[in-house]
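File shown here: structure34.cif, holding mmCIF, C-alpha atoms.
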data_model
#
loop_
_atom_site.label_atom_id
_atom_site.label_comp_id
_atom_site.auth_asym_id
_atom_site.auth_seq_id
_atom_site.Cartn_x
_atom_site.Cartn_y
_atom_site.Cartn_z
CA MET A 1 -11.40 14.77 11.44
CA ILE A 2 -7.98 16.30 10.97
CA ASP A 3 -5.03 14.11 11.97
CA THR A 4 -2.57 16.39 13.74
CA SER A 5 -0.08 13.61 14.44
CA PHE A 6 2.85 13.34 12.10
CA ASP A 7 3.20 9.54 12.15
CA MET A 8 2.04 9.68 8.53
CA PHE A 9 5.45 11.11 7.67
CA ILE A 10 7.45 8.33 9.35
CA GLU A 11 8.92 5.88 6.87
CA THR A 12 9.79 2.30 7.73
CA ILE A 13 12.75 1.09 5.72
CA VAL A 14 12.23 -2.40 4.32
CA PRO A 15 15.20 -4.64 5.17
CA HIS A 16 17.21 -6.11 2.28
CA ASN A 17 17.73 -9.46 3.97
CA GLU A 18 14.08 -10.42 4.56
CA LEU A 19 11.53 -12.11 2.32
CA ILE A 20 8.15 -10.35 2.47
CA VAL A 21 5.23 -12.51 1.36
CA SER A 22 1.44 -12.42 1.36
CA ARG A 23 -1.28 -14.49 -0.24
CA SER A 24 -4.86 -13.52 -0.93
CA ASP A 25 -7.94 -15.14 -2.39
CA LEU A 26 -9.18 -14.14 -5.82
CA SER A 27 -11.15 -11.22 -4.36
CA GLY A 28 -8.12 -9.75 -2.58
CA ILE A 29 -8.82 -11.02 0.95
CA ILE A 30 -5.59 -11.83 2.78
CA THR A 31 -5.18 -15.54 3.56
CA TYR A 32 -1.53 -15.54 4.66
CA VAL A 33 1.24 -13.12 5.60
CA ASN A 34 4.68 -14.02 6.79
CA GLU A 35 6.05 -12.51 10.00
CA THR A 36 8.15 -9.99 8.07
CA PHE A 37 5.10 -8.63 6.24
CA ALA A 38 3.25 -8.28 9.54
CA GLU A 39 6.19 -6.63 11.30
CA ILE A 40 6.84 -4.10 8.53
CA SER A 41 3.14 -3.23 8.26
CA GLY A 42 2.84 -2.83 12.03
CA TYR A 43 0.16 -5.49 12.42
CA ILE A 44 0.15 -8.97 13.84
CA PRO A 45 -0.76 -11.66 11.29
CA GLU A 46 -4.18 -12.27 12.88
CA GLU A 47 -5.14 -8.62 12.27
CA LEU A 48 -4.43 -9.00 8.55
CA ILE A 49 -5.80 -12.44 7.71
CA GLY A 50 -9.40 -12.19 6.53
CA ARG A 51 -9.09 -8.49 5.72
CA PRO A 52 -8.87 -6.95 2.23
CA HIS A 53 -5.28 -6.44 1.07
CA SER A 54 -6.24 -2.80 0.66
CA ILE A 55 -5.89 -2.48 4.46
CA VAL A 56 -2.29 -1.47 3.69
CA ARG A 57 -3.12 0.75 0.70
CA HIS A 58 -1.63 4.19 1.21
CA PRO A 59 -3.81 7.16 0.15
CA ASP A 60 -0.89 8.42 -1.99
CA MET A 61 -1.40 5.49 -4.36
CA PRO A 62 -3.22 6.40 -7.58
CA LYS A 63 -6.40 4.44 -8.28
CA SER A 64 -5.25 3.81 -11.85
CA LEU A 65 -2.32 1.73 -10.61
CA PHE A 66 -4.65 -0.70 -8.84
CA ALA A 67 -7.00 -0.75 -11.83
CA GLU A 68 -3.99 -1.82 -13.93
CA LEU A 69 -2.97 -4.41 -11.33
CA TRP A 70 -6.47 -5.96 -11.23
CA HIS A 71 -6.75 -5.82 -15.03
CA HIS A 72 -3.69 -8.07 -15.31
CA LEU A 73 -4.64 -10.40 -12.46
CA LYS A 74 -8.17 -10.94 -13.81
CA LYS A 75 -6.58 -11.98 -17.12
CA ASN A 76 -4.45 -14.49 -15.10
CA GLU A 77 -1.31 -12.45 -15.78
CA SER A 78 1.35 -11.51 -13.26
CA TRP A 79 1.91 -7.89 -12.31
CA SER A 80 4.83 -6.04 -10.80
CA GLY A 81 5.26 -2.46 -9.75
CA TYR A 82 6.13 -0.01 -7.01
CA ILE A 83 3.76 0.34 -4.09
CA LYS A 84 3.67 2.69 -1.13
CA ASN A 85 1.92 0.89 1.71
CA LEU A 86 0.27 2.25 4.83
CA ARG A 87 1.31 0.93 8.23
CA LYS A 88 -1.11 0.41 11.08
CA ASP A 89 0.42 3.44 12.86
CA LYS A 90 -0.22 5.53 9.69
CA GLY A 91 3.45 5.54 8.76
CA TYR A 92 4.45 4.07 5.41
CA TYR A 93 6.89 1.85 3.55
CA TRP A 94 7.78 1.36 -0.11
CA VAL A 95 8.18 -1.98 -1.88
CA HIS A 96 8.51 -3.40 -5.35
CA ALA A 97 5.68 -5.93 -5.61
CA HIS A 98 5.58 -9.08 -7.72
CA ILE A 99 2.07 -10.52 -7.77
CA SER A 100 1.29 -13.77 -9.52
CA VAL A 101 -1.61 -16.14 -9.92
CA VAL A 102 -1.42 -19.50 -8.13
CA TYR A 103 -3.08 -22.42 -9.92
CA LYS A 104 -4.49 -25.70 -8.66
CA ASP A 105 -5.56 -28.31 -11.22
CA GLY A 106 -5.19 -25.69 -13.94
CA GLU A 107 -7.54 -23.20 -12.26
CA PRO A 108 -6.55 -19.94 -10.53
CA VAL A 109 -7.08 -20.25 -6.77
CA GLU A 110 -5.18 -17.37 -5.18
CA TYR A 111 -2.62 -14.61 -5.61
CA LYS A 112 0.88 -14.68 -4.19
CA SER A 113 2.76 -11.44 -3.57
CA VAL A 114 6.47 -11.11 -2.94
CA PHE A 115 7.78 -7.69 -1.97
CA GLU A 116 11.30 -6.30 -2.25
CA PRO A 117 12.87 -3.12 -0.89
CA ILE A 118 13.65 -0.25 -3.24
CA ASP A 119 16.34 2.39 -3.11
CA ARG A 120 15.78 5.98 -2.00
CA GLU A 121 16.05 7.49 -5.48
CA THR A 122 13.34 5.16 -6.80
CA ARG A 123 11.07 5.97 -3.84
CA ILE A 124 11.43 9.70 -4.57
CA ARG A 125 10.84 9.20 -8.30
CA MET A 126 7.75 7.05 -7.70
CA GLN A 127 6.32 9.47 -5.12
CA ARG A 128 6.57 12.29 -7.68
CA LYS A 129 5.06 10.13 -10.41
CA TYR A 130 2.15 9.02 -8.20
CA ASP A 131 1.53 12.58 -6.98
CA HIS A 132 1.26 13.65 -10.62
CA LEU A 133 -1.08 10.76 -11.50
CA ARG A 134 -3.39 11.48 -8.56
CA GLU A 135 -3.53 15.14 -9.49
CA THR A 136 -4.18 14.62 -13.20
CA GLU A 137 -6.44 11.56 -12.97
CA GLU A 138 -8.31 12.17 -9.72
CA ASN A 139 -7.87 15.90 -9.04
CA HIS A 140 -6.40 14.95 -5.64
CA CYS A 141 -3.34 16.47 -4.13
CA ARG A 142 -1.63 16.26 -0.78
CA VAL A 143 -1.66 19.40 1.33
CA VAL A 144 0.51 19.97 4.37
CA ILE A 145 0.04 23.19 6.29
CA TYR A 146 1.16 24.52 9.61
CA THR A 147 -1.53 26.28 11.58
CA SER A 148 -2.70 26.61 15.14
CA CYS A 149 -4.27 23.53 16.70
CA ASP A 150 -7.47 25.51 17.27
CA LYS A 151 -7.73 26.32 13.54
CA ALA A 152 -7.00 22.68 12.65
CA LYS A 153 -9.78 21.46 14.96
CA GLU A 154 -12.15 24.07 13.50
CA LEU A 155 -11.33 22.93 9.98
CA GLY A 156 -11.78 19.30 11.00
CA GLU A 157 -15.24 20.05 12.34
CA LYS A 158 -16.22 21.64 9.01
CA LEU A 159 -15.10 18.59 7.07
#
Written form, structure tokens:
Amino acid sequence: MIDTSFDMFIETIVPHNELIVSRSDLSGIITYVNETFAEISGYIPEELIGRPHSIVRHPDMPKSLFAELWHHLKKNESWSGYIKNLRKDKGYYWVHAHISVVYKDGEPVEYKSVFEPIDRETRIRMQRKYDHLRETEENHCRVVIYTSCDKAKELGEKL
């Protein structure tokens, strides 16, 4: 189905004065989000808890970035990087993520993520970098066209 709404192009700006936090179990299932995380993502906390953290993964994100992230976490190492997340309304927001392993009695028990806002220039630079990675690694590119609604529906039916 073709999405003819343009909510996917609406960016939510992450506030500089808020702490954004989530926790997940070792398989990436969300166990906690603070109110700011929920608000920015467009969900209520109860819609996120128990769901895979990938619920907020934006399709613009290259698979290799998450492979790198999991590579580090599985070795009990922290990871940080830039992430474009998908909101419930299909809009998006950018953050700089810091993900670390939480230990109990010397054993890893969960992951804690703290997210920070990033400036406009960094968002643009990362979007270009991730577009390039998706194209070269996955042969995927974003296409935006303007056409009649009838043609869009026809194309959607063929997909």
Of the candidates A:Met61, A:Pro108, A:Asn76, A:His16, which one gets nearest to His140 in chain A if we count all atoms listed in the file?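 Checking each candidate against His140 in chain A, we get A:Met61 as the closest.
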Smallest atom-to-atom distance to Gly81 in chain A: which of A:Arg51, A:Lys104, A:Arg123, A:Arg23, using only C-alpha atoms?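 Answer, going by the shortest atom-to-atom distance: A:Arg123.
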Could you spell out the hits of the PyMOL selection byres ((chain A and resi 87) around 10) on the shown file, as an NGL selection string? :A and (7-8 or 10-12 or 38-43 or 55-58 or 84-86 or 88-93)
Ranking A:His53, A:Lys153, A:His96, A:Lys63 by minimum distance to Ser80 in chain A and counting only C-alpha atoms, which one comes first? A:His96
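Distance annotation: of A:Glu137, A:Asp131, A:Glu46, A:Glu110, the residue with the minimal separation from Pro59 in chain A is A:Asp131; atom set is all atoms listed in the file.
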Determine the nearest neighbour of Thr122 in chain A from the options A:Cys149, A:Val95, A:Glu77, A:Phe9, counting all atoms listed in the file. A:Val95
Measure the distance from CA of Ser64 in chain A to CA of Glu18 in chain A in Å and round it to one decimal.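 Result for CA of Ser64 in chain A versus CA of Glu18 in chain A: 29.1 Å, one decimal.
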Between CA of Leu26 in chain A and CA of Tyr111 in chain A, what is the spacing in Å?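 We find that CA of Tyr111 in chain A and CA of Leu26 in chain A lie 6.6 Å from each other.
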Any idea what the distance is between CA of Leu133 in chain A and CA of Gly28 in chain A? 23.4 Å
Determine the axis-aligned bounding box of all atoms of range 47-53 of chain A present in the file, pad each side by 5 Å, and express its centre and edge lengths in Å to one decimal place as lines of an AutoDock Vina configuration file.
center_x = -6.9
center_y = -9.4
center_z = 6.7
size_x = 15.0
size_y = 16.0
size_z = 21.2
Need the shell around Pro62 in chain A: protein/DNA/RNA residues with any atom at most 7 Å away, counting all atoms listed in the file. Skip same-chain ones fewer than 3 positions apart. Format as JSON, numbers by chain? {"A": [65, 130, 133, 134]}
Between A:Tyr103, A:Phe37, A:Trp70, A:Tyr32, which residue has the minimum interatomic distance to Leu19 in chain A, considering all atoms listed in the file? A:Phe37
Identify the residues around (1.2, -17.1, -8.8) within a radius of 8 Å, measuring from all atoms listed in the file in the coordinates stated by the file, and give them as a compact mmCIF listing (two decimals) with C-alpha atoms, in the frame of the given file.
# COMPACT_ATOMS: atom_id res chain seq x y z
CA SER A 78 1.35 -11.51 -13.26
CA ILE A 99 2.07 -10.52 -7.77
CA SER A 100 1.29 -13.77 -9.52
CA VAL A 101 -1.61 -16.14 -9.92
CA VAL A 102 -1.42 -19.50 -8.13
CA TYR A 103 -3.08 -22.42 -9.92
CA GLU A 110 -5.18 -17.37 -5.18
CA TYR A 111 -2.62 -14.61 -5.61
CA LYS A 112 0.88 -14.68 -4.19
CA SER A 113 2.76 -11.44 -3.57
Please return range 3-33 of chain A, rebuilt to N, CA and C atoms, as a CSV table (one decimal), in the frame of the given file.
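Printed below is result_30.csv as written:
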chain,number,residue,atom,x,y,z
A,3,ASP,N,-6.0,14.8,11.2
A,3,ASP,CA,-5.0,14.1,12.0
A,3,ASP,C,-3.9,15.1,12.2
A,4,THR,N,-3.7,15.5,13.4
A,4,THR,CA,-2.6,16.4,13.7
A,4,THR,C,-1.3,15.7,14.2
A,5,SER,N,-1.3,14.3,14.2
A,5,SER,CA,-0.1,13.6,14.4
A,5,SER,C,0.7,13.6,13.2
A,6,PHE,N,2.0,13.4,13.3
A,6,PHE,CA,2.8,13.3,12.1
A,6,PHE,C,3.4,11.9,11.9
A,7,ASP,N,2.8,10.9,12.4
A,7,ASP,CA,3.2,9.5,12.2
A,7,ASP,C,3.1,9.2,10.7
A,8,MET,N,2.2,9.9,10.0
A,8,MET,CA,2.0,9.7,8.5
A,8,MET,C,3.3,10.0,7.7
A,9,PHE,N,4.2,10.7,8.4
A,9,PHE,CA,5.4,11.1,7.7
A,9,PHE,C,6.6,10.2,8.1
A,10,ILE,N,6.4,9.2,8.9
A,10,ILE,CA,7.4,8.3,9.4
A,10,ILE,C,7.6,7.1,8.4
A,11,GLU,N,8.7,7.0,7.8
A,11,GLU,CA,8.9,5.9,6.9
A,11,GLU,C,9.6,4.7,7.6
A,12,THR,N,9.1,3.5,7.3
A,12,THR,CA,9.8,2.3,7.7
A,12,THR,C,10.6,1.8,6.6
A,13,ILE,N,11.9,1.6,6.8
A,13,ILE,CA,12.8,1.1,5.7
A,13,ILE,C,12.7,-0.4,5.7
A,14,VAL,N,12.4,-1.0,4.5
A,14,VAL,CA,12.2,-2.4,4.3
A,14,VAL,C,13.6,-3.0,4.3
A,15,PRO,N,13.9,-4.0,5.1
A,15,PRO,CA,15.2,-4.6,5.2
A,15,PRO,C,15.5,-5.4,3.9
A,16,HIS,N,16.8,-5.4,3.5
A,16,HIS,CA,17.2,-6.1,2.3
A,16,HIS,C,17.4,-7.6,2.5
A,17,ASN,N,17.4,-8.1,3.7
A,17,ASN,CA,17.7,-9.5,4.0
A,17,ASN,C,16.5,-10.3,4.4
A,18,GLU,N,15.3,-9.7,4.2
A,18,GLU,CA,14.1,-10.4,4.6
A,18,GLU,C,13.2,-10.7,3.4
A,19,LEU,N,12.5,-11.8,3.3
A,19,LEU,CA,11.5,-12.1,2.3
A,19,LEU,C,10.2,-11.7,2.9
A,20,ILE,N,9.5,-10.9,2.1
A,20,ILE,CA,8.2,-10.4,2.5
A,20,ILE,C,7.1,-11.0,1.6
A,21,VAL,N,6.2,-11.7,2.1
A,21,VAL,CA,5.2,-12.5,1.4
A,21,VAL,C,3.8,-12.4,1.9
A,22,SER,N,2.9,-12.3,1.0
A,22,SER,CA,1.4,-12.4,1.4
A,22,SER,C,0.7,-13.2,0.3
A,23,ARG,N,-0.4,-13.8,0.7
A,23,ARG,CA,-1.3,-14.5,-0.2
A,23,ARG,C,-2.7,-14.0,0.0
A,24,SER,N,-3.5,-13.9,-1.1
A,24,SER,CA,-4.9,-13.5,-0.9
A,24,SER,C,-5.7,-14.4,-1.8
A,25,ASP,N,-7.0,-14.4,-1.5
A,25,ASP,CA,-7.9,-15.1,-2.4
A,25,ASP,C,-8.2,-14.3,-3.6
A,26,LEU,N,-9.0,-14.8,-4.5
A,26,LEU,CA,-9.2,-14.1,-5.8
A,26,LEU,C,-9.9,-12.8,-5.7
A,27,SER,N,-10.5,-12.5,-4.6
A,27,SER,CA,-11.2,-11.2,-4.4
A,27,SER,C,-10.3,-10.3,-3.6
A,28,GLY,N,-9.0,-10.6,-3.3
A,28,GLY,CA,-8.1,-9.8,-2.6
A,28,GLY,C,-8.1,-9.8,-1.1
A,29,ILE,N,-8.8,-10.8,-0.5
A,29,ILE,CA,-8.8,-11.0,1.0
A,29,ILE,C,-7.6,-11.8,1.4
A,30,ILE,N,-6.9,-11.2,2.3
A,30,ILE,CA,-5.6,-11.8,2.8
A,30,ILE,C,-5.8,-13.2,3.4
A,31,THR,N,-5.1,-14.2,3.0
A,31,THR,CA,-5.2,-15.5,3.6
A,31,THR,C,-3.9,-15.9,4.3
A,32,TYR,N,-2.8,-15.2,4.0
A,32,TYR,CA,-1.5,-15.5,4.7
A,32,TYR,C,-0.6,-14.3,4.6
A,33,VAL,N,0.1,-14.1,5.6
A,33,VAL,CA,1.2,-13.1,5.6
A,33,VAL,C,2.4,-13.7,6.4
